[in-house]
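The structure appears below as structure tokens.
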Amino acid sequence: MPRLTSLLRCVAESTKKASNLPEGYIKRAMEQVAWKNPRGMMYRRVVVKRKKYHFDVHRPWSQEFKIDNAPGTRKQKVFIEPIGEWSFFKGDQVEVLVGKDKGKQGLVNYMVEERNWVMVEGLNCDYTTVGKTKNYPGMLMKTEQPLLVTEHVALVDPSDNKPCKAEWRYTEEGEKVRVSTRTGRIIPIPKMAEETPDYKTKATYAEQDKDTTADLVTSITFQPTLRTFEMDIAEKMGIKEDRIPHKTYWY
């Protein structure tokens, strides 16, 4: 029986990478005040921030997330199975294991790591009628529904196009790769995993005026040495230590 944990963790690292937004901005966007004491000279200012949020398909910095977590609303606690290391990426080919689309394969186009969810392009869809009136039949809207990565989908092994379980391993060169446990073949990370709202791939991104240049980011500004801070200062100021310390004995 896998250990279950309450859905209290913050935004996952890959969520921040996919959004290409600073961690500080995401925290400020989803921050809410749960309680604060009255104003007045006799009160010490105390503000308690909300710690429990309900995560859904909407991202923490969106307006829909604020509506789902409006002040005063409390939703049922959701428990998830903890995943040690996330092995699904946007653009991965997966096979659906349950439901009406069981056995079909598609590409992952959306991920919600806070709920262990992925959405597969064109599969596991719900259909709703929008704009229906007396004189107009309305339009049928197709919406992809989330699938659990632990039970509902499996990665496809590119060597035989069959579902498999994957784990992270290291090559002889020290590169960390995903490997199919069934065939031992490497499952490459798709190029679509690099997509963000700012660029399709990192190599095609054009630097803007306010961006820190890549040369400045990659420049080495500190050289570690086996010296203390005092020794560095003494060398820069031309101070030579010629004193001989007294012998010390440990019994």
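Residue numbering restarts at 1 for every chain of the structure tokens, chains are lettered A, B, ... in their displayed order, and ligands are numbered from 1 as they appear.
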
>> Just list as an MDAnalysis selection string whatever in range 9-173 of chain A DSSP marks as strand (DSSP E or B).
In response: chainID A and resid 33:36 47:49 79:80 93:96 105:112 117:120 125:130 139:144 147:148 153:157 162:164 166:170

Using DSSP assignments from the backbone, pull out every residue in range 1-245 of chain A that falls under helix (DSSP H, G or I) and give it to me as a PDB file with N, CA and C atoms, in the first residue's frame.
ATOM      1  N   GLU A  13       8.936  22.123  -9.116  1.00  0.00           N
ATOM      2  CA  GLU A  13      10.012  22.770  -9.857  1.00  0.00           C
ATOM      3  C   GLU A  13       9.729  22.798 -11.349  1.00  0.00           C
ATOM      4  N   SER A  14       9.219  21.699 -11.894  1.00  0.00           N
ATOM      5  CA  SER A  14       8.937  21.678 -13.323  1.00  0.00           C
ATOM      6  C   SER A  14       7.784  22.595 -13.693  1.00  0.00           C
ATOM      7  N   THR A  15       6.862  22.855 -12.747  1.00  0.00           N
ATOM      8  CA  THR A  15       5.782  23.795 -13.006  1.00  0.00           C
ATOM      9  C   THR A  15       6.350  25.185 -13.230  1.00  0.00           C
ATOM     10  N   LYS A  16       7.343  25.564 -12.424  1.00  0.00           N
ATOM     11  CA  LYS A  16       7.975  26.866 -12.595  1.00  0.00           C
ATOM     12  C   LYS A  16       8.726  26.936 -13.923  1.00  0.00           C
ATOM     13  N   LYS A  17       9.383  25.825 -14.293  1.00  0.00           N
ATOM     14  CA  LYS A  17      10.106  25.819 -15.559  1.00  0.00           C
ATOM     15  C   LYS A  17       9.145  25.931 -16.736  1.00  0.00           C
ATOM     16  N   ALA A  18       8.019  25.233 -16.653  1.00  0.00           N
ATOM     17  CA  ALA A  18       7.054  25.272 -17.752  1.00  0.00           C
ATOM     18  C   ALA A  18       6.433  26.648 -17.898  1.00  0.00           C
ATOM     19  N   SER A  19       6.247  27.349 -16.780  1.00  0.00           N
ATOM     20  CA  SER A  19       5.637  28.669 -16.842  1.00  0.00           C
ATOM     21  C   SER A  19       6.639  29.744 -17.232  1.00  0.00           C
ATOM     22  N   GLU A  23       9.938  32.228  -9.248  1.00  0.00           N
ATOM     23  CA  GLU A  23       9.284  31.574  -8.117  1.00  0.00           C
ATOM     24  C   GLU A  23       8.624  32.599  -7.199  1.00  0.00           C
ATOM     25  N   GLY A  24       9.266  33.743  -7.000  1.00  0.00           N
ATOM     26  CA  GLY A  24       8.699  34.781  -6.149  1.00  0.00           C
ATOM     27  C   GLY A  24       7.380  35.310  -6.684  1.00  0.00           C
ATOM     28  N   TYR A  25       7.282  35.461  -8.005  1.00  0.00           N
ATOM     29  CA  TYR A  25       6.035  35.954  -8.603  1.00  0.00           C
ATOM     30  C   TYR A  25       4.911  34.946  -8.403  1.00  0.00           C
ATOM     31  N   ILE A  26       5.209  33.659  -8.575  1.00  0.00           N
ATOM     32  CA  ILE A  26       4.177  32.629  -8.415  1.00  0.00           C
ATOM     33  C   ILE A  26       3.679  32.603  -6.977  1.00  0.00           C
ATOM     34  N   LYS A  27       4.581  32.733  -6.019  1.00  0.00           N
ATOM     35  CA  LYS A  27       4.171  32.739  -4.613  1.00  0.00           C
ATOM     36  C   LYS A  27       3.307  33.951  -4.297  1.00  0.00           C
ATOM     37  N   ARG A  28       3.676  35.116  -4.839  1.00  0.00           N
ATOM     38  CA  ARG A  28       2.874  36.326  -4.589  1.00  0.00           C
ATOM     39  C   ARG A  28       1.515  36.230  -5.260  1.00  0.00           C
ATOM     40  N   ALA A  29       1.463  35.597  -6.447  1.00  0.00           N
ATOM     41  CA  ALA A  29       0.201  35.514  -7.189  1.00  0.00           C
ATOM     42  C   ALA A  29      -0.821  34.650  -6.457  1.00  0.00           C
ATOM     43  N   MET A  30      -0.365  33.596  -5.778  1.00  0.00           N
ATOM     44  CA  MET A  30      -1.297  32.694  -5.112  1.00  0.00           C
ATOM     45  C   MET A  30      -1.433  32.982  -3.624  1.00  0.00           C
ATOM     46  N   GLN A  63      -6.288  33.627 -12.996  1.00  0.00           N
ATOM     47  CA  GLN A  63      -7.488  34.143 -12.346  1.00  0.00           C
ATOM     48  C   GLN A  63      -8.427  33.017 -11.939  1.00  0.00           C
ATOM     49  N   GLU A  64      -8.452  31.933 -12.727  1.00  0.00           N
ATOM     50  CA  GLU A  64      -9.304  30.793 -12.384  1.00  0.00           C
ATOM     51  C   GLU A  64      -8.872  30.140 -11.074  1.00  0.00           C
ATOM     52  N   PHE A  65      -7.562  30.114 -10.819  1.00  0.00           N
ATOM     53  CA  PHE A  65      -7.072  29.559  -9.561  1.00  0.00           C
ATOM     54  C   PHE A  65      -7.541  30.409  -8.378  1.00  0.00           C
ATOM     55  N   LYS A  66      -7.552  31.736  -8.556  1.00  0.00           N
ATOM     56  CA  LYS A  66      -8.028  32.619  -7.486  1.00  0.00           C
ATOM     57  C   LYS A  66      -9.515  32.398  -7.214  1.00  0.00           C
ATOM     58  N   ILE A  67     -10.285  32.145  -8.282  1.00  0.00           N
ATOM     59  CA  ILE A  67     -11.720  31.892  -8.101  1.00  0.00           C
ATOM     60  C   ILE A  67     -11.933  30.564  -7.371  1.00  0.00           C
ATOM     61  N   ASP A  68     -11.168  29.532  -7.754  1.00  0.00           N
ATOM     62  CA  ASP A  68     -11.300  28.228  -7.097  1.00  0.00           C
ATOM     63  C   ASP A  68     -10.915  28.298  -5.622  1.00  0.00           C
ATOM     64  N   GLU A 113       1.528  18.766 -11.968  1.00  0.00           N
ATOM     65  CA  GLU A 113       2.277  17.880 -11.073  1.00  0.00           C
ATOM     66  C   GLU A 113       1.714  17.872  -9.662  1.00  0.00           C
ATOM     67  N   GLU A 114       1.050  18.966  -9.258  1.00  0.00           N
ATOM     68  CA  GLU A 114       0.476  18.996  -7.914  1.00  0.00           C
ATOM     69  C   GLU A 114      -0.591  17.924  -7.722  1.00  0.00           C
ATOM     70  N   ARG A 115      -1.151  17.418  -8.802  1.00  0.00           N
ATOM     71  CA  ARG A 115      -2.187  16.380  -8.722  1.00  0.00           C
ATOM     72  C   ARG A 115      -1.774  15.096  -9.447  1.00  0.00           C
ATOM     73  N   LYS A 191      11.547  17.542 -27.536  1.00  0.00           N
ATOM     74  CA  LYS A 191      11.865  18.966 -27.678  1.00  0.00           C
ATOM     75  C   LYS A 191      10.737  19.854 -27.163  1.00  0.00           C
ATOM     76  N   MET A 192       9.508  19.351 -27.214  1.00  0.00           N
ATOM     77  CA  MET A 192       8.372  20.137 -26.752  1.00  0.00           C
ATOM     78  C   MET A 192       8.460  20.434 -25.257  1.00  0.00           C
ATOM     79  N   ALA A 193       9.266  19.667 -24.519  1.00  0.00           N
ATOM     80  CA  ALA A 193       9.400  19.891 -23.086  1.00  0.00           C
ATOM     81  C   ALA A 193      10.048  21.239 -22.783  1.00  0.00           C
ATOM     82  N   GLU A 194      10.771  21.811 -23.751  1.00  0.00           N
ATOM     83  CA  GLU A 194      11.419  23.108 -23.556  1.00  0.00           C
ATOM     84  C   GLU A 194      10.471  24.273 -23.794  1.00  0.00           C
ATOM     85  N   LYS A 202      15.018  26.764 -26.241  1.00  0.00           N
ATOM     86  CA  LYS A 202      15.961  27.703 -25.638  1.00  0.00           C
ATOM     87  C   LYS A 202      16.891  28.306 -26.682  1.00  0.00           C
ATOM     88  N   ALA A 203      17.252  27.505 -27.690  1.00  0.00           N
ATOM     89  CA  ALA A 203      18.201  27.978 -28.698  1.00  0.00           C
ATOM     90  C   ALA A 203      17.610  29.069 -29.574  1.00  0.00           C
ATOM     91  N   THR A 204      16.287  29.097 -29.749  1.00  0.00           N
ATOM     92  CA  THR A 204      15.660  30.080 -30.645  1.00  0.00           C
ATOM     93  C   THR A 204      15.192  31.331 -29.911  1.00  0.00           C
ATOM     94  N   ALA A 214      23.448  36.153 -21.853  1.00  0.00           N
ATOM     95  CA  ALA A 214      23.921  34.798 -21.555  1.00  0.00           C
ATOM     96  C   ALA A 214      25.402  34.798 -21.181  1.00  0.00           C
ATOM     97  N   ASP A 215      26.197  35.676 -21.819  1.00  0.00           N
ATOM     98  CA  ASP A 215      27.629  35.728 -21.496  1.00  0.00           C
ATOM     99  C   ASP A 215      27.845  36.159 -20.048  1.00  0.00           C
ATOM    100  N   LEU A 216      27.019  37.098 -19.577  1.00  0.00           N
ATOM    101  CA  LEU A 216      27.167  37.573 -18.208  1.00  0.00           C
ATOM    102  C   LEU A 216      26.719  36.507 -17.200  1.00  0.00           C
ATOM    103  N   VAL A 217      25.684  35.759 -17.562  1.00  0.00           N
ATOM    104  CA  VAL A 217      25.192  34.718 -16.659  1.00  0.00           C
ATOM    105  C   VAL A 217      26.197  33.589 -16.527  1.00  0.00           C
ATOM    106  N   THR A 218      26.825  33.217 -17.627  1.00  0.00           N
ATOM    107  CA  THR A 218      27.747  32.085 -17.618  1.00  0.00           C
ATOM    108  C   THR A 218      29.173  32.459 -17.247  1.00  0.00           C
ATOM    109  N   PHE A 229      38.821  33.373   4.534  1.00  0.00           N
ATOM    110  CA  PHE A 229      38.547  34.754   4.152  1.00  0.00           C
ATOM    111  C   PHE A 229      39.694  35.669   4.580  1.00  0.00           C
ATOM    112  N   GLU A 230      40.241  35.423   5.772  1.00  0.00           N
ATOM    113  CA  GLU A 230      41.347  36.245   6.274  1.00  0.00           C
ATOM    114  C   GLU A 230      42.584  36.092   5.405  1.00  0.00           C
ATOM    115  N   MET A 231      42.835  34.871   4.919  1.00  0.00           N
ATOM    116  CA  MET A 231      44.009  34.639   4.060  1.00  0.00           C
ATOM    117  C   MET A 231      43.858  35.362   2.724  1.00  0.00           C
ATOM    118  N   ASP A 232      42.642  35.410   2.184  1.00  0.00           N
ATOM    119  CA  ASP A 232      42.414  36.138   0.933  1.00  0.00           C
ATOM    120  C   ASP A 232      42.656  37.633   1.114  1.00  0.00           C
ATOM    121  N   ILE A 233      42.153  38.199   2.212  1.00  0.00           N
ATOM    122  CA  ILE A 233      42.350  39.624   2.470  1.00  0.00           C
ATOM    123  C   ILE A 233      43.824  39.941   2.658  1.00  0.00           C
ATOM    124  N   ALA A 234      44.527  39.085   3.375  1.00  0.00           N
ATOM    125  CA  ALA A 234      45.957  39.317   3.611  1.00  0.00           C
ATOM    126  C   ALA A 234      46.739  39.286   2.305  1.00  0.00           C
ATOM    127  N   GLU A 235      46.391  38.392   1.396  1.00  0.00           N
ATOM    128  CA  GLU A 235      47.106  38.312   0.122  1.00  0.00           C
ATOM    129  C   GLU A 235      46.841  39.542  -0.738  1.00  0.00           C
ATOM    130  N   LYS A 236      45.575  40.013  -0.758  1.00  0.00           N
ATOM    131  CA  LYS A 236      45.256  41.185  -1.573  1.00  0.00           C
ATOM    132  C   LYS A 236      45.903  42.453  -1.033  1.00  0.00           C
TER     133      LYS A 236
END

Could you give me, as a tab-separated table, a per-residue list for range 79-110 of chain A showing, wherever an atom lies at most 6 Å from an atom of range 119-125 of chain A, the closest pair of atoms and their distance in Å to one decimal, using only C-alpha atoms and sorting by chain then residue number from low to high?
residue	atom	partner	partner_atom	distance
A:Gly106	CA	A:Val120	CA	5.8
A:Leu107	CA	A:Val120	CA	5.5
A:Val108	CA	A:Val120	CA	4.5
A:Asn109	CA	A:Glu121	CA	5.9
A:Tyr110	CA	A:Met119	CA	5.1

Generate the output file for the selected residues, N, CA, C and O atoms, as a PDB file, in the first residue's frame.
ATOM      1  N   GLY A 106      -1.208   8.888 -27.584  1.00  0.00           N
ATOM      2  CA  GLY A 106      -1.234  10.303 -27.922  1.00  0.00           C
ATOM      3  C   GLY A 106      -0.098  11.033 -27.234  1.00  0.00           C
ATOM      4  O   GLY A 106       0.695  10.447 -26.493  1.00  0.00           O
ATOM      5  N   LEU A 107      -0.030  12.336 -27.468  1.00  0.00           N
ATOM      6  CA  LEU A 107       1.036  13.169 -26.917  1.00  0.00           C
ATOM      7  C   LEU A 107       0.537  13.944 -25.708  1.00  0.00           C
ATOM      8  O   LEU A 107      -0.583  14.458 -25.702  1.00  0.00           O
ATOM      9  N   VAL A 108       1.379  14.049 -24.694  1.00  0.00           N
ATOM     10  CA  VAL A 108       1.064  14.846 -23.510  1.00  0.00           C
ATOM     11  C   VAL A 108       1.157  16.319 -23.885  1.00  0.00           C
ATOM     12  O   VAL A 108       2.180  16.768 -24.411  1.00  0.00           O
ATOM     13  N   ASN A 109       0.087  17.076 -23.640  1.00  0.00           N
ATOM     14  CA  ASN A 109       0.114  18.503 -23.986  1.00  0.00           C
ATOM     15  C   ASN A 109      -0.096  19.418 -22.780  1.00  0.00           C
ATOM     16  O   ASN A 109      -0.065  20.642 -22.916  1.00  0.00           O
ATOM     17  N   TYR A 110      -0.310  18.824 -21.575  1.00  0.00           N
ATOM     18  CA  TYR A 110      -0.520  19.650 -20.382  1.00  0.00           C
ATOM     19  C   TYR A 110      -0.240  18.789 -19.160  1.00  0.00           C
ATOM     20  O   TYR A 110      -0.564  17.587 -19.142  1.00  0.00           O
TER      21      TYR A 110
END

> Do you have the CA of Gln76 in chain A-CA of Asp56 in chain A distance handy?
Replying inline: 12.3 Å

> Between A:Glu173, A:Asp92, A:Asp209, A:Glu241, which is the closest to Pro188 in chain A once you count only C-alpha atoms?
Replying inline: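 Once distances to Pro188 in chain A are computed over only C-alpha atoms, the minimum belongs to A:Asp92.
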
> Hey, what's within 9 Å of range 34-42 of chain A if we count only C-alpha atoms and toss same-chain stuff fewer than 6 positions away? As a PyMOL selection string, please?
Replying inline: chain A and resi 48-51+71-72

> From the list A:Glu85, A:Glu195, A:Lys102, A:Gln208, which residue is nearest Glu167 in chain A when using only C-alpha atoms?
Replying inline: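 Looking only at the distances to Glu167 in chain A, the closest residue turns out to be A:Glu85.
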